[in-house]
file data.txt (compact mmCIF, C-alpha atoms and all ligand atoms)
# COMPACT_ATOMS: atom_id res chain seq x y z
CA MET A 229 -2.04 12.81 37.17
CA ALA A 230 -5.24 12.20 35.18
CA ARG A 231 -8.44 13.61 36.68
CA TYR A 232 -10.24 10.40 35.83
CA LYS A 233 -9.43 6.83 36.78
CA LEU A 234 -11.59 4.11 35.23
CA ILE A 235 -11.43 0.76 37.03
CA TYR A 236 -12.63 -2.42 35.36
CA PHE A 237 -11.48 -5.89 34.40
CA LYS A 238 -9.17 -6.97 31.55
CA GLY A 239 -12.00 -6.92 29.05
CA ARG A 240 -14.38 -4.60 27.21
CA ALA A 241 -17.93 -5.59 28.29
CA ARG A 242 -19.32 -2.79 30.47
CA ALA A 243 -16.32 -0.46 30.37
CA GLU A 244 -15.41 -0.14 26.72
CA LEU A 245 -18.11 2.40 25.90
CA ILE A 246 -16.64 4.68 28.57
CA ARG A 247 -13.14 4.15 27.18
CA LEU A 248 -14.41 5.00 23.69
CA ILE A 249 -15.94 8.25 24.97
CA PHE A 250 -12.61 9.29 26.50
CA HIS A 251 -10.85 8.48 23.23
CA ALA A 252 -13.48 10.33 21.16
CA ALA A 253 -13.02 13.39 23.31
CA GLY A 254 -9.22 13.10 23.31
CA GLU A 255 -9.32 13.25 27.11
CA GLU A 256 -6.72 11.59 29.28
CA PHE A 257 -7.78 8.91 31.76
CA GLU A 258 -6.11 6.19 33.76
CA ASP A 259 -7.35 2.84 32.48
CA VAL A 260 -6.97 0.38 35.36
CA GLN A 261 -7.68 -3.22 34.30
CA LEU A 262 -7.81 -5.69 37.17
CA ASP A 263 -7.46 -9.44 37.33
CA ASP A 264 -9.87 -11.32 39.55
CA GLN A 265 -7.45 -11.56 42.48
CA SER A 266 -6.77 -7.80 42.58
CA TRP A 267 -10.54 -7.18 42.26
CA GLN A 268 -11.28 -9.35 45.32
CA GLN A 269 -8.82 -7.24 47.31
CA ILE A 270 -10.59 -3.96 46.53
CA ARG A 271 -14.16 -5.21 46.02
CA THR A 272 -15.46 -3.53 49.19
CA THR A 273 -14.22 -0.13 47.98
CA SER A 274 -16.81 -0.11 45.18
CA PRO A 275 -20.11 1.40 46.41
CA THR A 276 -22.07 -1.35 44.62
CA GLY A 277 -19.44 -4.11 44.92
CA SER A 278 -19.21 -4.09 41.14
CA LEU A 279 -17.28 -2.52 38.29
CA PRO A 280 -16.87 -0.35 36.28
CA MET A 281 -16.13 2.47 38.68
CA LEU A 282 -14.93 5.94 37.77
CA VAL A 283 -12.85 7.79 40.32
CA ILE A 284 -12.84 11.55 39.82
CA ASP A 285 -10.10 13.76 41.26
CA GLY A 286 -9.08 10.92 43.56
CA ASN A 287 -12.18 11.19 45.77
CA GLU A 288 -15.57 10.97 44.00
CA GLN A 289 -16.63 7.44 43.00
CA LEU A 290 -19.18 6.86 40.28
CA VAL A 291 -20.63 3.41 39.50
CA GLN A 292 -23.09 1.97 36.94
CA SER A 293 -21.67 1.92 33.44
CA MET A 294 -24.44 3.94 31.77
CA ALA A 295 -24.41 6.65 34.45
CA ILE A 296 -20.65 6.93 34.00
CA ALA A 297 -20.98 6.99 30.20
CA ARG A 298 -23.62 9.74 30.32
CA PHE A 299 -21.58 11.76 32.79
CA VAL A 300 -18.39 11.73 30.74
CA ALA A 301 -20.31 12.25 27.47
CA ARG A 302 -21.93 15.36 28.97
CA GLU A 303 -18.61 16.59 30.34
CA PHE A 304 -17.03 16.33 26.88
CA GLY A 305 -19.93 17.56 24.73
CA LEU A 306 -20.84 14.17 23.26
CA ALA A 307 -24.35 13.86 24.69
CA GLY A 308 -26.47 15.96 22.30
CA ASN A 309 -27.05 19.70 21.90
CA ASP A 310 -30.38 20.28 23.60
CA ARG A 311 -32.60 18.37 26.00
CA PHE A 312 -34.62 16.59 23.36
CA GLN A 313 -31.51 15.64 21.43
CA GLN A 314 -29.98 14.38 24.67
CA ALA A 315 -33.05 12.20 25.24
CA LEU A 316 -32.77 10.85 21.68
CA VAL A 317 -29.11 10.04 22.24
CA ASP A 318 -29.98 8.35 25.54
CA SER A 319 -32.71 6.27 23.88
CA VAL A 320 -30.21 4.82 21.40
CA ALA A 321 -27.68 4.26 24.16
CA ASP A 322 -30.23 2.46 26.33
CA ALA A 323 -31.47 0.30 23.43
CA MET A 324 -27.89 -0.70 22.69
CA ASN A 325 -27.24 -1.34 26.37
CA ASP A 326 -30.26 -3.71 26.46
CA LEU A 327 -28.80 -5.57 23.50
CA LEU A 328 -25.40 -5.61 25.19
CA GLY A 329 -27.10 -7.22 28.19
CA ASP A 330 -28.32 -10.05 25.94
CA VAL A 331 -24.81 -10.52 24.58
CA VAL A 332 -23.27 -10.57 28.07
CA GLU A 333 -25.80 -13.25 29.06
CA VAL A 334 -24.80 -15.37 26.07
CA THR A 335 -21.11 -14.94 26.90
CA PHE A 336 -21.46 -16.00 30.53
CA GLU A 337 -24.04 -18.79 30.06
CA ASP A 338 -22.39 -22.09 30.98
CA ASP A 339 -25.29 -24.39 30.21
CA SER A 340 -25.00 -25.28 26.50
CA ARG A 341 -28.73 -25.83 25.98
CA ARG A 342 -29.61 -22.47 27.53
CA LYS A 343 -26.78 -20.81 25.61
CA LYS A 344 -28.20 -22.10 22.31
CA GLU A 345 -31.64 -20.85 23.28
CA ARG A 346 -30.26 -17.39 24.13
CA ILE A 347 -28.43 -17.24 20.78
CA ARG A 348 -31.59 -18.28 18.94
CA ARG A 349 -33.61 -15.56 20.71
CA PHE A 350 -30.89 -13.04 19.89
CA HIS A 351 -31.06 -13.85 16.16
CA ASP A 352 -34.82 -14.24 15.94
CA ARG A 353 -35.80 -11.33 18.05
CA SER A 354 -33.56 -8.95 19.96
CA PHE A 355 -31.05 -8.21 17.20
CA PRO A 356 -33.46 -7.75 14.24
CA GLU A 357 -35.84 -5.67 16.37
CA THR A 358 -33.07 -3.39 17.61
CA ALA A 359 -31.49 -3.13 14.16
CA SER A 360 -34.76 -2.16 12.51
CA PHE A 361 -35.46 0.38 15.29
CA LEU A 362 -32.02 1.88 14.62
CA GLU A 363 -32.44 2.03 10.84
CA ARG A 364 -35.73 3.94 11.19
CA PHE A 365 -34.39 6.11 13.99
CA ILE A 366 -31.20 7.12 12.19
CA ASP A 367 -33.17 7.82 9.01
CA LYS A 368 -35.29 10.26 10.96
CA TYR A 369 -32.80 11.89 13.33
CA GLY A 370 -29.41 11.48 11.66
CA GLY A 371 -30.42 11.32 8.00
CA ASN A 372 -27.43 11.25 5.68
CA SER A 373 -25.04 12.77 8.23
CA GLY A 374 -23.41 9.43 9.04
CA TYR A 375 -24.31 9.93 12.71
CA ALA A 376 -27.23 8.58 14.71
CA VAL A 377 -28.49 11.95 15.95
CA GLY A 378 -27.94 15.35 14.33
CA ASP A 379 -24.82 16.00 12.32
CA GLU A 380 -22.05 15.33 14.77
CA LEU A 381 -20.65 12.48 16.82
CA THR A 382 -22.46 11.67 20.07
CA TYR A 383 -22.04 8.78 22.43
CA ALA A 384 -25.07 7.17 20.70
CA ASP A 385 -22.77 6.34 17.77
CA LEU A 386 -20.26 4.86 20.17
CA THR A 387 -22.86 2.65 21.85
CA ILE A 388 -23.84 1.30 18.43
CA TYR A 389 -20.25 0.54 17.51
CA ASN A 390 -19.44 -0.90 20.91
CA THR A 391 -22.41 -3.26 21.11
CA LEU A 392 -21.75 -4.58 17.59
CA ASP A 393 -18.14 -5.16 18.61
CA GLN A 394 -19.30 -7.13 21.65
CA ILE A 395 -21.60 -9.21 19.46
CA VAL A 396 -18.62 -10.07 17.27
CA ILE A 397 -16.41 -10.90 20.28
CA ALA A 398 -19.14 -13.18 21.64
CA GLY A 399 -19.10 -15.02 18.30
CA VAL A 400 -22.82 -14.47 17.83
CA ALA A 401 -22.43 -12.62 14.49
CA GLY A 402 -19.69 -11.14 12.32
CA TRP A 403 -19.08 -7.57 11.07
CA LYS A 404 -20.23 -8.64 7.58
CA ASP A 405 -23.67 -9.49 8.99
CA PHE A 406 -24.26 -5.83 9.82
CA GLU A 407 -23.67 -4.63 6.27
CA ARG A 408 -27.24 -5.29 5.28
CA TYR A 409 -28.28 -2.45 7.60
CA PRO A 410 -27.10 0.61 5.63
CA ARG A 411 -27.53 3.25 8.33
CA ILE A 412 -25.79 1.14 10.96
CA HIS A 413 -23.05 0.18 8.53
CA GLU A 414 -22.43 3.85 7.73
CA ILE A 415 -21.89 4.63 11.41
CA VAL A 416 -19.47 1.71 11.79
CA ARG A 417 -17.47 2.96 8.79
CA ARG A 418 -17.53 6.53 10.02
CA ILE A 419 -16.09 5.51 13.40
CA GLU A 420 -13.46 3.18 11.95
CA ASP A 421 -12.36 5.89 9.50
CA THR A 422 -11.93 8.57 12.15
CA PRO A 423 -8.15 8.70 12.72
CA ARG A 424 -8.34 8.99 16.51
CA PHE A 425 -10.50 5.86 16.73
CA ALA A 426 -8.66 3.97 14.03
CA GLU A 427 -5.49 4.32 16.08
CA TYR A 428 -7.13 3.19 19.32
CA LEU A 429 -9.10 0.35 17.73
CA LYS A 430 -5.91 -1.04 16.19
CA SER A 431 -3.88 -0.70 19.37
CA ARG A 432 -6.33 -2.03 21.96
CA PRO A 433 -5.68 -5.52 23.27
CA THR A 434 -7.81 -8.38 21.93
CA ALA A 435 -10.56 -9.30 24.36
CA SER A 436 -12.54 -12.42 25.16
CA PHE A 437 -15.46 -10.48 26.65
N1 LIG A 501 -25.47 -2.55 35.92
C1 LIG A 501 -24.06 -2.55 36.24
C2 LIG A 501 -23.56 -3.97 36.18
C3 LIG A 501 -22.21 -4.07 36.84
C4 LIG A 501 -21.70 -5.49 36.85
O1 LIG A 501 -22.48 -6.47 36.86
N2 LIG A 501 -20.38 -5.64 36.85
C5 LIG A 501 -19.77 -6.93 36.87
C6 LIG A 501 -18.81 -7.04 35.67
S1 LIG A 501 -19.59 -6.80 34.13
C7 LIG A 501 -18.94 -7.09 38.13
O2 LIG A 501 -18.48 -6.13 38.71
N3 LIG A 501 -18.72 -8.35 38.54
C8 LIG A 501 -17.83 -8.68 39.62
C9 LIG A 501 -18.50 -8.96 40.91
O3 LIG A 501 -19.74 -8.82 41.00
O4 LIG A 501 -17.77 -9.34 41.85
C10 LIG A 501 -23.30 -1.64 35.26
O5 LIG A 501 -23.76 -1.47 34.13
O6 LIG A 501 -22.27 -1.10 35.67
call {"tool": "encode", "arguments": {"input": "data.txt", "output": "structure tokens"}}
result
Amino acid sequence: MARYKLIYFKGRARAELIRLIFHAAGEEFEDVQLDDQSWQQIRTTSPTGSLPMLVIDGNEQLVQSMAIARFVAREFGLAGNDRFQQALVDSVADAMNDLLGDVVEVTFEDDSRRKKERIRRFHDRSFPETASFLERFIDKYGGNSGYAVGDELTYADLTIYNTLDQIVIAGVAGWKDFERYPRIHEIVRRIEDTPRFAEYLKSRPTASF
């Protein structure tokens, strides 16, 4: 039996980063994907009444997607080599998580006028600001390594890939749109060309969120 059980919905949104970390590390985990009805039946078992939730060794429960991501990244050596590097990695992850929040809001906005306004703000402000932060950041801390921080894969790279993927799923931009950001584009290529990821990315089910 796997040590780790990740519980979420049939989608990527706030769980896919954690899945990517498990795949990057080559670590086994049980990937439980619930429909809404099954979720309602177990909702009270989540400490926050929300998902994702990671169950460790069948008894410890961890909630909050970024806390789970950091925990598994640290467990598997994907969180940076020293404390400062870990903070750098976290700063990219948190910036990408903020952007992911904007994308999630677009996805679940039912009012068409407000949805348009959110998309406009995304294009005019949140995306270009985050992208230009990343380009400068990677220049400084990753250089020509093809990684965001240092010269090996960390979960910072996975947060970049994952948030871009969510932007594409939300229909807010396409992969081609990211090519004009050379440092970001390099990370995307690096991840897609890594055999372990390539296999997973091809085999994972299509998602609407
Ligand atoms: N800040 C939390 C947000 C968790 C959250 O809002 N989860 C949503 C799905 S993305 C959820 O569980 N919704 C179902 C519900 O509230 O019943 C995290 O990052 O884990």
call {"tool": "residues_near_ligand", "arguments": {"input": "data.txt", "ligand": "ligand LIG 501 (chain A)", "cutoff": "7 Å", "atoms": "only C-alpha atoms and all ligand atoms", "output": "list in words"}}
result
Ala241, Arg242, Arg271, Gly277, Ser278, Leu279, Pro280, Val291, Gln292, Ser293 and Met294 of chain A
call {"tool": "closest_residue", "arguments": {"input": "data.txt", "among": "A:Ser340, A:Gln268, A:Thr335, A:Asn390", "to": "Phe425 in chain A", "atoms": "all atoms listed in the file"}}
result
A:Asn390
call {"tool": "closest_residue", "arguments": {"input": "data.txt", "among": "A:Ile270, A:Arg408, A:Ile397, A:Asp322", "to": "Pro356 in chain A", "atoms": "all atoms listed in the file"}}
result
A:Arg408
call {"tool": "atom_distance", "arguments": {"input": "data.txt", "atom1": "CA of Tyr369 in chain A", "atom2": "CA of Leu248 in chain A"}}
result
22.2 Å
call {"tool": "residues_near_point", "arguments": {"input": "data.txt", "point": "(-6.6, 9.1, 19.3)", "cutoff": "8 Å", "atoms": "only C-alpha atoms", "output": "list in words"}}
result
His251, Ala252, Gly254, Pro423, Arg424, Phe425, Ala426, Glu427 and Tyr428 of chain A
call {"tool": "closest_residue", "arguments": {"input": "data.txt", "among": "A:Leu381, A:Leu306, A:Leu234, A:Ala315", "to": "Leu282 in chain A", "atoms": "only C-alpha atoms"}}
result
A:Leu234
call {"tool": "closest_residue", "arguments": {"input": "data.txt", "among": "A:Asp421, A:Glu414, A:Asp285, A:Asp405", "to": "Ile366 in chain A", "atoms": "all atoms listed in the file"}}
result
A:Glu414
call {"tool": "residues_near_point", "arguments": {"input": "data.txt", "point": "(-12.0, -0.6, 20.5)", "cutoff": "9 Å", "atoms": "only C-alpha atoms", "output": "mmCIF file with C-alpha atoms, in the frame of the given file"}}
result
data_model
loop_
_atom_site.group_PDB
_atom_site.id
_atom_site.type_symbol
_atom_site.label_atom_id
_atom_site.label_comp_id
_atom_site.auth_asym_id
_atom_site.auth_seq_id
_atom_site.Cartn_x
_atom_site.Cartn_y
_atom_site.Cartn_z
ATOM 1 C CA ARG A 240 -14.380 -4.600 27.210
ATOM 2 C CA GLU A 244 -15.410 -0.140 26.720
ATOM 3 C CA LEU A 245 -18.110 2.400 25.900
ATOM 4 C CA ARG A 247 -13.140 4.150 27.180
ATOM 5 C CA LEU A 248 -14.410 5.000 23.690
ATOM 6 C CA TYR A 389 -20.250 0.540 17.510
ATOM 7 C CA ASN A 390 -19.440 -0.900 20.910
ATOM 8 C CA ASP A 393 -18.140 -5.160 18.610
ATOM 9 C CA PHE A 425 -10.500 5.860 16.730
ATOM 10 C CA ALA A 426 -8.660 3.970 14.030
ATOM 11 C CA TYR A 428 -7.130 3.190 19.320
ATOM 12 C CA LEU A 429 -9.100 0.350 17.730
ATOM 13 C CA LYS A 430 -5.910 -1.040 16.190
ATOM 14 C CA SER A 431 -3.880 -0.700 19.370
ATOM 15 C CA ARG A 432 -6.330 -2.030 21.960
ATOM 16 C CA PRO A 433 -5.680 -5.520 23.270
ATOM 17 C CA THR A 434 -7.810 -8.380 21.930
#
call {"tool": "residues_around", "arguments": {"input": "data.txt", "residues": "Ile235 in chain A", "least_positions_apart": "2", "cutoff": "8 Å", "atoms": "only C-alpha atoms", "output": "PDB file with C-alpha atoms, in the coordinates of the input"}}
result
ATOM      1  CA  LYS A 233      -9.430   6.830  36.780  1.00  0.00           C
ATOM      2  CA  PHE A 237     -11.480  -5.890  34.400  1.00  0.00           C
ATOM      3  CA  ASP A 259      -7.350   2.840  32.480  1.00  0.00           C
ATOM      4  CA  VAL A 260      -6.970   0.380  35.360  1.00  0.00           C
ATOM      5  CA  GLN A 261      -7.680  -3.220  34.300  1.00  0.00           C
ATOM      6  CA  LEU A 262      -7.810  -5.690  37.170  1.00  0.00           C
ATOM      7  CA  LEU A 279     -17.280  -2.520  38.290  1.00  0.00           C
ATOM      8  CA  PRO A 280     -16.870  -0.350  36.280  1.00  0.00           C
ATOM      9  CA  MET A 281     -16.130   2.470  38.680  1.00  0.00           C
ATOM     10  CA  LEU A 282     -14.930   5.940  37.770  1.00  0.00           C
ATOM     11  CA  VAL A 283     -12.850   7.790  40.320  1.00  0.00           C
TER      12      VAL A 283
END
call {"tool": "decode", "arguments": {"input": "data.txt", "residues": "range 261-280 of chain A", "atoms": "N, CA, C and O atoms", "output": "mmCIF file, in the first residue's frame"}}
result
data_model
loop_
_atom_site.group_PDB
_atom_site.id
_atom_site.type_symbol
_atom_site.label_atom_id
_atom_site.label_comp_id
_atom_site.auth_asym_id
_atom_site.auth_seq_id
_atom_site.Cartn_x
_atom_site.Cartn_y
_atom_site.Cartn_z
ATOM 1 N N GLN A 261 -9.592 10.422 -6.970
ATOM 2 C CA GLN A 261 -10.270 11.556 -7.618
ATOM 3 C C GLN A 261 -11.773 11.373 -7.452
ATOM 4 O O GLN A 261 -12.372 10.454 -8.018
ATOM 5 N N LEU A 262 -12.374 12.262 -6.670
ATOM 6 C CA LEU A 262 -13.779 12.097 -6.286
ATOM 7 C C LEU A 262 -14.732 12.850 -7.204
ATOM 8 O O LEU A 262 -14.381 13.910 -7.727
ATOM 9 N N ASP A 263 -15.950 12.323 -7.344
ATOM 10 C CA ASP A 263 -17.005 13.142 -7.939
ATOM 11 C C ASP A 263 -17.703 13.877 -6.796
ATOM 12 O O ASP A 263 -17.435 13.606 -5.614
ATOM 13 N N ASP A 264 -18.588 14.787 -7.148
ATOM 14 C CA ASP A 264 -19.154 15.651 -6.117
ATOM 15 C C ASP A 264 -19.935 14.859 -5.052
ATOM 16 O O ASP A 264 -19.861 15.154 -3.862
ATOM 17 N N GLN A 265 -20.631 13.831 -5.534
ATOM 18 C CA GLN A 265 -21.455 13.036 -4.594
ATOM 19 C C GLN A 265 -20.572 12.331 -3.556
ATOM 20 O O GLN A 265 -20.848 12.380 -2.351
ATOM 21 N N SER A 266 -19.484 11.709 -4.019
ATOM 22 C CA SER A 266 -18.593 11.013 -3.070
ATOM 23 C C SER A 266 -17.948 12.024 -2.125
ATOM 24 O O SER A 266 -17.714 11.739 -0.952
ATOM 25 N N TRP A 267 -17.648 13.242 -2.660
ATOM 26 C CA TRP A 267 -17.056 14.280 -1.806
ATOM 27 C C TRP A 267 -18.011 14.648 -0.688
ATOM 28 O O TRP A 267 -17.615 14.749 0.474
ATOM 29 N N GLN A 268 -19.300 14.844 -1.013
ATOM 30 C CA GLN A 268 -20.265 15.244 0.025
ATOM 31 C C GLN A 268 -20.316 14.201 1.144
ATOM 32 O O GLN A 268 -20.494 14.542 2.305
ATOM 33 N N GLN A 269 -20.102 12.934 0.776
ATOM 34 C CA GLN A 269 -20.162 11.877 1.796
ATOM 35 C C GLN A 269 -18.983 11.923 2.768
ATOM 36 O O GLN A 269 -19.103 11.489 3.911
ATOM 37 N N ILE A 270 -17.838 12.450 2.286
ATOM 38 C CA ILE A 270 -16.665 12.419 3.193
ATOM 39 C C ILE A 270 -16.207 13.828 3.597
ATOM 40 O O ILE A 270 -15.178 13.989 4.222
ATOM 41 N N ARG A 271 -16.999 14.825 3.204
ATOM 42 C CA ARG A 271 -16.590 16.226 3.409
ATOM 43 C C ARG A 271 -16.156 16.508 4.855
ATOM 44 O O ARG A 271 -15.150 17.173 5.094
ATOM 45 N N THR A 272 -16.894 15.940 5.811
ATOM 46 C CA THR A 272 -16.591 16.253 7.220
ATOM 47 C C THR A 272 -15.290 15.602 7.681
ATOM 48 O O THR A 272 -14.795 15.921 8.762
ATOM 49 N N THR A 273 -14.728 14.706 6.882
ATOM 50 C CA THR A 273 -13.458 14.074 7.305
ATOM 51 C C THR A 273 -12.256 14.957 6.970
ATOM 52 O O THR A 273 -11.148 14.697 7.431
ATOM 53 N N SER A 274 -12.473 16.000 6.147
ATOM 54 C CA SER A 274 -11.364 16.910 5.857
ATOM 55 C C SER A 274 -11.295 17.973 6.952
ATOM 56 O O SER A 274 -12.303 18.619 7.245
ATOM 57 N N PRO A 275 -10.126 18.192 7.543
ATOM 58 C CA PRO A 275 -10.022 19.162 8.644
ATOM 59 C C PRO A 275 -10.528 20.553 8.263
ATOM 60 O O PRO A 275 -11.030 21.282 9.122
ATOM 61 N N THR A 276 -10.403 20.933 6.996
ATOM 62 C CA THR A 276 -10.867 22.266 6.586
ATOM 63 C C THR A 276 -12.158 22.185 5.774
ATOM 64 O O THR A 276 -12.635 23.202 5.267
ATOM 65 N N GLY A 277 -12.690 20.984 5.583
ATOM 66 C CA GLY A 277 -13.884 20.832 4.741
ATOM 67 C C GLY A 277 -13.579 21.120 3.295
ATOM 68 O O GLY A 277 -14.464 21.478 2.512
ATOM 69 N N SER A 278 -12.300 20.996 2.921
ATOM 70 C CA SER A 278 -11.931 21.253 1.524
ATOM 71 C C SER A 278 -10.838 20.285 1.089
ATOM 72 O O SER A 278 -10.214 19.590 1.909
ATOM 73 N N LEU A 279 -10.626 20.232 -0.195
ATOM 74 C CA LEU A 279 -9.586 19.397 -0.798
ATOM 75 C C LEU A 279 -8.653 20.304 -1.605
ATOM 76 O O LEU A 279 -9.094 21.385 -2.013
ATOM 77 N N PRO A 280 -7.412 19.892 -1.840
ATOM 78 C CA PRO A 280 -6.844 18.560 -1.640
ATOM 79 C C PRO A 280 -6.508 18.247 -0.185
ATOM 80 O O PRO A 280 -6.296 19.137 0.623
#
